[in-house]
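**Student:** Below is the file run_12.pdb, with PDB, C-alpha atoms, pLDDT in the B column.
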```pdb
ATOM      1  CA  MET I  50      49.086  51.168  26.415  1.00 40.00           C
ATOM      2  CA  SER I  51      52.769  50.565  25.634  1.00 41.00           C
ATOM      3  CA  GLU I  52      55.265  50.479  28.479  1.00 45.00           C
ATOM      4  CA  LYS I  53      56.996  53.591  27.150  1.00 46.00           C
ATOM      5  CA  ASN I  54      53.750  55.554  26.872  1.00 47.00           C
ATOM      6  CA  GLY I  55      52.513  54.099  30.154  1.00 49.00           C
ATOM      7  CA  THR I  56      55.669  55.251  31.927  1.00 47.00           C
ATOM      8  CA  THR I  57      55.375  58.713  30.386  1.00 48.00           C
ATOM      9  CA  ASP I  58      51.722  58.914  31.450  1.00 52.00           C
ATOM     10  CA  ILE I  59      52.615  57.807  34.986  1.00 51.00           C
ATOM     11  CA  ILE I  60      55.393  60.396  35.277  1.00 50.00           C
ATOM     12  CA  THR I  61      53.151  63.161  33.903  1.00 51.00           C
ATOM     13  CA  LEU I  62      50.323  62.290  36.307  1.00 53.00           C
ATOM     14  CA  THR I  63      52.684  61.991  39.276  1.00 52.00           C
ATOM     15  CA  CYS I  64      54.303  65.375  38.530  1.00 50.00           C
ATOM     16  CA  HIS I  65      50.872  66.996  38.127  1.00 51.00           C
ATOM     17  CA  VAL I  66      49.647  65.622  41.449  1.00 53.00           C
ATOM     18  CA  LEU I  67      52.859  66.637  43.244  1.00 52.00           C
ATOM     19  CA  ASP I  68      52.657  70.172  41.787  1.00 48.00           C
ATOM     20  CA  GLU I  69      49.066  70.487  43.024  1.00 52.00           C
ATOM     21  CA  GLN I  70      49.994  69.234  46.503  1.00 52.00           C
ATOM     22  CA  ARG I  71      52.849  71.699  47.057  1.00 50.00           C
ATOM     23  CA  ASN I  72      50.499  74.533  47.933  1.00 44.00           C
ATOM     24  CA  HIS I  73      48.073  72.598  50.110  1.00 55.00           C
ATOM     25  CA  ASN I  74      47.717  72.059  53.829  1.00 59.00           C
ATOM     26  CA  ILE I  75      50.356  70.347  55.905  1.00 61.00           C
ATOM     27  CA  PRO I  76      49.262  69.537  59.471  1.00 62.00           C
ATOM     28  CA  SER I  77      51.002  71.946  61.846  1.00 64.00           C
ATOM     29  CA  GLY I  78      51.634  69.327  64.544  1.00 60.00           C
ATOM     30  CA  CYS I  79      53.139  66.727  62.222  1.00 60.00           C
ATOM     31  CA  PRO I  80      56.643  65.638  63.328  1.00 55.00           C
ATOM     32  CA  MET I  81      57.525  64.655  59.749  1.00 56.00           C
ATOM     33  CA  HIS I  82      57.748  68.304  58.689  1.00 55.00           C
ATOM     34  CA  LYS I  83      60.637  70.304  60.088  1.00 50.00           C
ATOM     35  CA  LYS I  84      59.713  73.880  60.981  1.00 51.00           C
ATOM     36  CA  THR I  85      62.085  76.660  59.947  1.00 47.00           C
ATOM     37  CA  GLN I  86      61.821  80.433  59.619  1.00 45.00           C
ATOM     38  CA  ASP I  87      62.293  82.132  56.245  1.00 42.00           C
ATOM     39  CA  SER I  88      63.548  85.690  55.702  1.00 43.00           C
ATOM     40  CA  GLN I  89      60.027  87.150  56.060  1.00 41.00           C
ATOM     41  CA  ASN I  90      59.511  85.272  59.375  1.00 39.00           C
ATOM     42  CA  GLU I  91      56.867  82.905  57.950  1.00 41.00           C
ATOM     43  CA  THR I  92      56.719  79.386  59.319  1.00 42.00           C
ATOM     44  CA  LEU I  93      57.774  76.834  56.713  1.00 38.00           C
ATOM     45  CA  HIS I  94      57.411  73.038  56.587  1.00 38.00           C
ATOM     46  CA  ASN I  95      59.970  71.353  54.319  1.00 37.00           C
ATOM     47  CA  GLY I  96      60.015  74.502  52.177  1.00 35.00           C
ATOM     48  CA  TYR I  97      56.231  74.893  51.920  1.00 34.00           C
ATOM     49  CA  LEU I  98      54.277  77.686  53.586  1.00 36.00           C
ATOM     50  CA  LYS I  99      52.205  76.607  56.540  1.00 41.00           C
ATOM     51  CA  ASN I 100      48.708  77.689  55.579  1.00 41.00           C
ATOM     52  CA  GLY I 101      46.601  74.835  56.883  1.00 39.00           C
ATOM     53  CA  SER I 102      43.846  74.758  59.400  1.00 38.00           C
ATOM     54  CA  ILE I 103      44.460  71.130  60.418  1.00 44.00           C
ATOM     55  CA  ASN I 104      46.062  71.109  63.858  1.00 48.00           C
ATOM     56  CA  SER I 105      46.290  67.418  64.698  1.00 53.00           C
ATOM     57  CA  CYS I 106      49.123  65.067  63.921  1.00 60.00           C
ATOM     58  CA  PRO I 107      48.232  62.367  61.360  1.00 54.00           C
ATOM     59  CA  ILE I 108      50.447  59.790  63.076  1.00 56.00           C
ATOM     60  CA  VAL I 109      48.868  57.376  65.562  1.00 56.00           C
ATOM     61  CA  HIS I 110      50.951  57.452  68.745  1.00 59.00           C
ATOM     62  CA  SER I 111      49.157  54.704  70.660  1.00 59.00           C
ATOM     63  CA  GLY I 112      50.964  51.354  70.572  1.00 55.00           C
ATOM     64  CA  ASP I 113      47.642  49.502  70.705  1.00 59.00           C
ATOM     65  CA  ALA I 114      46.540  50.990  67.370  1.00 69.00           C
ATOM     66  CA  LEU I 115      49.654  49.832  65.507  1.00 74.00           C
ATOM     67  CA  SER I 116      50.182  46.573  63.646  1.00 74.00           C
ATOM     68  CA  PRO I 117      53.053  44.565  65.156  1.00 75.00           C
ATOM     69  CA  ASP I 118      54.138  43.597  61.602  1.00 75.00           C
ATOM     70  CA  ASN I 119      55.066  47.079  60.440  1.00 74.00           C
ATOM     71  CA  GLN I 120      54.238  49.575  63.210  1.00 74.00           C
ATOM     72  CA  MET I 121      51.574  51.153  60.975  1.00 74.00           C
ATOM     73  CA  PRO I 122      48.021  51.952  62.062  1.00 74.00           C
ATOM     74  CA  LYS I 123      45.264  49.620  60.975  1.00 77.00           C
ATOM     75  CA  LEU I 124      43.731  51.299  57.947  1.00 81.00           C
ATOM     76  CA  SER I 125      40.004  51.920  57.839  1.00 84.00           C
ATOM     77  CA  GLN I 126      37.935  51.097  54.761  1.00 94.00           C
ATOM     78  CA  GLU I 127      35.287  53.712  55.703  1.00 93.00           C
ATOM     79  CA  GLN I 128      34.634  56.751  53.541  1.00 94.00           C
ATOM     80  CA  VAL I 129      35.971  59.995  54.986  1.00 92.00           C
ATOM     81  CA  PRO I 130      33.654  62.923  55.745  1.00 91.00           C
ATOM     82  CA  GLY I 131      33.028  64.971  52.608  1.00 91.00           C
ATOM     83  CA  GLN I 132      34.110  62.217  50.226  1.00 94.00           C
ATOM     84  CA  ARG I 133      32.140  62.567  46.984  1.00 95.00           C
ATOM     85  CA  ILE I 134      32.693  59.258  45.197  1.00 96.00           C
ATOM     86  CA  TYR I 135      32.876  55.590  46.125  1.00 97.00           C
ATOM     87  CA  LEU I 136      36.405  54.166  46.110  1.00 97.00           C
ATOM     88  CA  PRO I 137      37.064  50.408  45.957  1.00 97.00           C
ATOM     89  CA  THR I 138      38.055  48.672  49.181  1.00 97.00           C
ATOM     90  CA  ASP I 139      39.754  45.645  47.633  1.00 97.00           C
ATOM     91  CA  ARG I 140      43.466  45.235  48.301  1.00 97.00           C
ATOM     92  CA  ALA I 141      46.042  43.760  45.934  1.00 97.00           C
ATOM     93  CA  VAL I 142      48.512  41.203  47.261  1.00 97.00           C
ATOM     94  CA  SER I 143      52.115  42.126  46.481  1.00 97.00           C
ATOM     95  CA  SER I 144      54.953  39.808  45.520  1.00 96.00           C
ATOM     96  CA  ILE I 145      56.862  40.987  48.618  1.00 95.00           C
ATOM     97  CA  PRO I 146      56.957  38.304  51.337  1.00 94.00           C
ATOM     98  CA  LYS I 147      56.553  39.165  54.989  1.00 91.00           C
ATOM     99  CA  ALA I 148      59.539  38.334  57.167  1.00 87.00           C
ATOM    100  CA  ARG I 149      59.335  34.997  58.998  1.00 85.00           C
ATOM    101  CA  SER I 150      56.026  34.168  57.320  1.00 88.00           C
ATOM    102  CA  SER I 151      54.616  32.490  54.237  1.00 93.00           C
ATOM    103  CA  GLU I 152      52.302  35.486  53.710  1.00 93.00           C
ATOM    104  CA  TYR I 153      52.764  38.449  51.381  1.00 95.00           C
ATOM    105  CA  TRP I 154      52.216  42.150  52.027  1.00 94.00           C
ATOM    106  CA  GLU I 155      48.985  43.696  50.815  1.00 95.00           C
ATOM    107  CA  TYR I 156      48.838  47.092  49.182  1.00 96.00           C
ATOM    108  CA  PRO I 157      46.327  49.623  50.498  1.00 95.00           C
ATOM    109  CA  SER I 158      42.953  49.810  48.810  1.00 97.00           C
ATOM    110  CA  PRO I 159      42.087  53.022  46.962  1.00 98.00           C
ATOM    111  CA  GLN I 160      39.830  53.934  49.915  1.00 97.00           C
ATOM    112  CA  GLN I 161      42.651  53.379  52.427  1.00 95.00           C
ATOM    113  CA  PHE I 162      45.083  55.340  50.245  1.00 95.00           C
ATOM    114  CA  TYR I 163      42.658  58.269  49.975  1.00 95.00           C
ATOM    115  CA  SER I 164      41.900  58.202  53.707  1.00 92.00           C
ATOM    116  CA  ALA I 165      45.633  58.384  54.468  1.00 90.00           C
ATOM    117  CA  LEU I 166      46.077  61.385  52.167  1.00 92.00           C
ATOM    118  CA  VAL I 167      43.146  63.178  53.810  1.00 91.00           C
ATOM    119  CA  ARG I 168      44.462  62.310  57.294  1.00 86.00           C
ATOM    120  CA  LYS I 169      47.822  63.847  56.335  1.00 88.00           C
ATOM    121  CA  GLY I 170      46.162  67.024  55.058  1.00 89.00           C
ATOM    122  CA  TRP I 171      46.682  66.498  51.314  1.00 90.00           C
ATOM    123  CA  GLU I 172      43.882  67.592  49.012  1.00 87.00           C
ATOM    124  CA  THR I 173      43.780  65.071  46.182  1.00 90.00           C
ATOM    125  CA  PRO I 174      41.220  64.668  43.397  1.00 94.00           C
ATOM    126  CA  GLU I 175      39.216  61.565  44.312  1.00 96.00           C
ATOM    127  CA  GLU I 176      39.010  60.646  40.632  1.00 96.00           C
ATOM    128  CA  SER I 177      42.815  60.212  40.554  1.00 96.00           C
ATOM    129  CA  ILE I 178      43.139  57.861  43.530  1.00 97.00           C
ATOM    130  CA  GLU I 179      42.788  54.534  41.698  1.00 97.00           C
ATOM    131  CA  THR I 180      45.502  55.581  39.231  1.00 97.00           C
ATOM    132  CA  MET I 181      47.710  56.751  42.091  1.00 97.00           C
ATOM    133  CA  VAL I 182      47.309  53.365  43.806  1.00 98.00           C
ATOM    134  CA  ASP I 183      48.242  51.617  40.538  1.00 97.00           C
ATOM    135  CA  ILE I 184      51.381  53.799  40.312  1.00 97.00           C
ATOM    136  CA  HIS I 185      52.217  53.135  43.977  1.00 97.00           C
ATOM    137  CA  ASN I 186      51.902  49.373  43.534  1.00 97.00           C
ATOM    138  CA  PHE I 187      53.782  49.365  40.204  1.00 98.00           C
ATOM    139  CA  LEU I 188      56.721  51.299  41.688  1.00 98.00           C
ATOM    140  CA  ASN I 189      56.869  49.053  44.758  1.00 97.00           C
ATOM    141  CA  GLU I 190      56.918  45.912  42.605  1.00 98.00           C
ATOM    142  CA  LYS I 191      59.653  47.357  40.351  1.00 97.00           C
ATOM    143  CA  ALA I 192      61.717  48.371  43.390  1.00 97.00           C
ATOM    144  CA  TRP I 193      61.301  44.909  44.936  1.00 97.00           C
ATOM    145  CA  ASN I 194      62.463  43.270  41.696  1.00 96.00           C
ATOM    146  CA  GLU I 195      65.536  45.517  41.673  1.00 96.00           C
ATOM    147  CA  ILE I 196      66.323  44.441  45.246  1.00 94.00           C
ATOM    148  CA  LEU I 197      66.017  40.785  44.228  1.00 94.00           C
ATOM    149  CA  LYS I 198      68.354  41.349  41.245  1.00 94.00           C
ATOM    150  CA  TRP I 199      70.885  43.082  43.483  1.00 93.00           C
ATOM    151  CA  GLU I 200      70.735  40.327  46.103  1.00 92.00           C
ATOM    152  CA  LYS I 201      71.164  37.677  43.405  1.00 91.00           C
ATOM    153  CA  MET I 202      74.168  39.551  42.019  1.00 90.00           C
ATOM    154  CA  LYS I 203      75.666  39.812  45.529  1.00 86.00           C
ATOM    155  CA  ARG I 204      74.641  36.170  46.229  1.00 79.00           C
ATOM    156  CA  TRP I 205      72.964  36.939  49.555  1.00 63.00           C
TER     157      TRP I 205
END
```
Please render this file's structure as structure tokens.

**Tutor:**
Amino acid sequence: MSEKNGTTDIITLTCHVLDEQRNHNIPSGCPMHKKTQDSQNETLHNGYLKNGSINSCPIVHSGDALSPDNQMPKLSQEQVPGQRIYLPTDRAVSSIPKARSSEYWEYPSPQQFYSALVRKGWETPEESIETMVDIHNFLNEKAWNEILKWEKMKRW
């Protein structure tokens, strides 16, 4: 696959997935989604109708469950209830170094990525997860390289 065609394919897939997600459940208790009232008095979350049945917040609020490195919950590699297909649990190591360490950040496995989407109330085709993880990792690496270029230009 050429880079031009690969980029076009990535953009097409990303837009398709985002279009599908717009009309799906958003957890009602999630603090990431600001509630407002529209003209018909329907509750909205960031412009999307609240139509979900999920009532719990996807964010872990217990300090014990969070990694001290990034304040993120430790991600399970277990399949979620109702999951139809096996998703790989291997994680790719990024080129992004951790602060004050000789280690590098790891990207989530496809299973962890899917579990996070389910926890946040997004319905996502399981067959698309591995491609979504590839896109996620690709974009992070490109963004990191842009940061490095900028820092080199600014001589930081």

**Student:** Expand the PyMOL selection byres ((chain I and resi 162-166) around 10) into the individual residues it matches in the shown file, reporting them as a ChimeraX atom specification.

**Tutor:** /I:107-108,124-130,132,136,138,156-161,167-175,177-179,181-182,185

**Student:** For the atom pair atom CA of I:Ser144 and atom CA of I:Trp193, what is the interatomic distance in Å to one decimal place?

**Tutor:** 8.2 Å

**Student:** Which residue gives the smallest distance to I:Leu188 among I:Trp154, I:Ser143, I:Met202, I:Pro122, with only C-alpha atoms counted?

**Tutor:**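 Ranked by minimum distance to I:Leu188, first place goes to I:Ser143.
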
**Student:** Could you work out how far atom CA of I:Asn189 lies from atom CA of I:Ile145, giving the answer in Å with one decimal?

**Tutor:**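 Going from atom CA of I:Ile145 over to atom CA of I:Asn189 covers 8.9 Å.
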
**Student:** How many Å separate atom CA of I:Val142 from atom CA of I:Asn186?

**Tutor:**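 Atom CA of I:Asn186 lies 9.6 Å from atom CA of I:Val142.
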